[in-house]
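Participant: Submitted below is the structure of interest, expressed as structure tokens.
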Amino acid sequence: MTDAVAGAIPRAARRPGRGQSVTAGRAGLYAVLVLAALFFAIPLLIVLSTSLKPMDEIREGSIFALPMAPTLEPWAKAWLSACTGLFCDGLHVGFWNSIRILVPSVILSVLAGALNGYALAQWRFRHADKILTALMLGAFIPYQVILYPLVKIFSNMGLYGTLPGIVLIHVIFGLPTLTLIFRNFYAGLPEELVKAARVDGAGFFRIFLQIMLPMSVNILMVALILQVTGIWNDYLLGYIFAGRDNLPMTVQLNNIVNTTTGTIEYNVNMAATVLTALPPLLVYFLSGRYFVRGIASGAVKG
């Protein structure tokens, strides 16, 4: 067969079966992805559908049936007037409590983790590895083991049941993981950057603020997403340390769902569940690509 004739024959014809195998494999991959999506989407669709149904329709219909007369009343009640114990002010109180806890906790924990990771990676000092090991041990200690000592310590400091107290708790528990993430990222950057800046007279904080942070956009997004979702979805620490006036949205959701007075309103419970889960979902939808970029750029390296 001459080169001209071989070039005129399509590649798929010259290699029978290869195109078919690729097509079959791709179809199998799509089938697995569709099944996985349905597995996770069906409970969410049931929750959304139930939250839009009136109670009469829920009692008389199937859990899988779509709402025949959709209504937003359950959503309004969950947000404004659902009972979370003795008070019937809805979830909006817990939402603003969660915001007050979330914002300073995320900012302080991410900055502290970045600073620690930068110091451990680029400013080598004596016993740096031991300090990193001690921080990593903190990431594997279950919360339940140290809750009582923390309660006693915070009570003696006057921080138990206060907003600064719960913020400090989230910063402390976020430090080990964030330090490891930033340390691995900064360890992959050329040491010549820091050395050149030192030669030019830049100090520790100037190098960190003017050189390291501008180069850390992707990894900062990874840390922000991890902290936002972790702190927002937290129940145990918020329930124990936040205090009665600062209970986050997750605690109030539990109070709504587990109320023992009156009739259980499943549509209100489902609407409250979606409202509580909505902020972290929005964070993932809006910044998910930055999370992937940060992971690919070395977030889990080391």
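If you're wondering about the labels, chains in the structure tokens are A, B, ... by order shown, residues count from 1 in each chain, ligands from 1 in order shown.
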List the neighbours of stretch 99-103 of chain A out to 8 Å using only C-alpha atoms; skip same-chain residues closer than 2 positions along the sequence, and give me the result as a list in words.

Facilitator: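 Near stretch 99-103 of chain A, the qualifying residues are Phe95, Trp96, Asn97, Ser105, Val106, Ile107, Leu163, Ile166, Val167, Val228, Ile231, Trp232 and Pro248 of chain A.
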
Participant: Please provide as a short mmCIF file (atom, residue, chain, number, x, y, z; two decimals) with all heavy atoms, in the first residue's frame all residues within 6 Å of A:Phe241, with the sequence filter that same-chain residues fewer than 4 positions apart are discarded (counting only C-alpha atoms).

Facilitator:
data_model
loop_
_atom_site.label_atom_id
_atom_site.label_comp_id
_atom_site.auth_asym_id
_atom_site.auth_seq_id
_atom_site.Cartn_x
_atom_site.Cartn_y
_atom_site.Cartn_z
N TYR A 160 -16.50 31.84 77.37
CA TYR A 160 -17.49 30.79 77.11
C TYR A 160 -18.87 31.41 76.86
O TYR A 160 -19.32 32.27 77.62
CB TYR A 160 -17.56 29.82 78.27
CG TYR A 160 -18.54 28.70 78.05
CD1 TYR A 160 -18.26 27.68 77.15
CD2 TYR A 160 -19.75 28.67 78.74
CE1 TYR A 160 -19.16 26.66 76.94
CE2 TYR A 160 -20.66 27.64 78.54
CZ TYR A 160 -20.36 26.64 77.64
OH TYR A 160 -21.26 25.63 77.41
N GLY A 161 -19.52 30.98 75.79
CA GLY A 161 -20.85 31.49 75.46
C GLY A 161 -20.85 32.87 74.86
O GLY A 161 -21.88 33.55 74.88
N ILE A 166 -16.55 31.70 70.31
CA ILE A 166 -16.80 30.75 69.23
C ILE A 166 -15.92 31.06 68.02
O ILE A 166 -15.47 30.16 67.31
CB ILE A 166 -18.30 30.75 68.85
CG1 ILE A 166 -18.59 29.70 67.78
CG2 ILE A 166 -18.77 32.10 68.40
CD1 ILE A 166 -18.27 28.28 68.18
N LEU A 237 -19.75 22.63 67.78
CA LEU A 237 -19.03 23.74 68.41
C LEU A 237 -19.96 24.94 68.63
O LEU A 237 -19.88 25.61 69.66
CB LEU A 237 -17.82 24.13 67.57
CG LEU A 237 -16.75 23.05 67.40
CD1 LEU A 237 -15.63 23.54 66.50
CD2 LEU A 237 -16.21 22.61 68.75
#

Participant: From the list A:Val151, A:Ala82, A:Leu168, A:Phe185, which residue is nearest A:Leu213 when using only C-alpha atoms?

Facilitator: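 Smallest distance to A:Leu213 is found for A:Phe185.
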
Participant: Out of stretch 155-250 of chain A, which residues get helix (DSSP H, G or I) from DSSP, as a ChimeraX atom specification?

Facilitator: /A:155-157,163-187,191-199,204-215,217-232,236-241,244-246,249-250

Participant: So, with only C-alpha atoms as the atoms that count, which of A:Thr133, A:Thr177, A:Ser155, A:Thr23 lies closest to A:Ala112?

Facilitator: A:Thr177
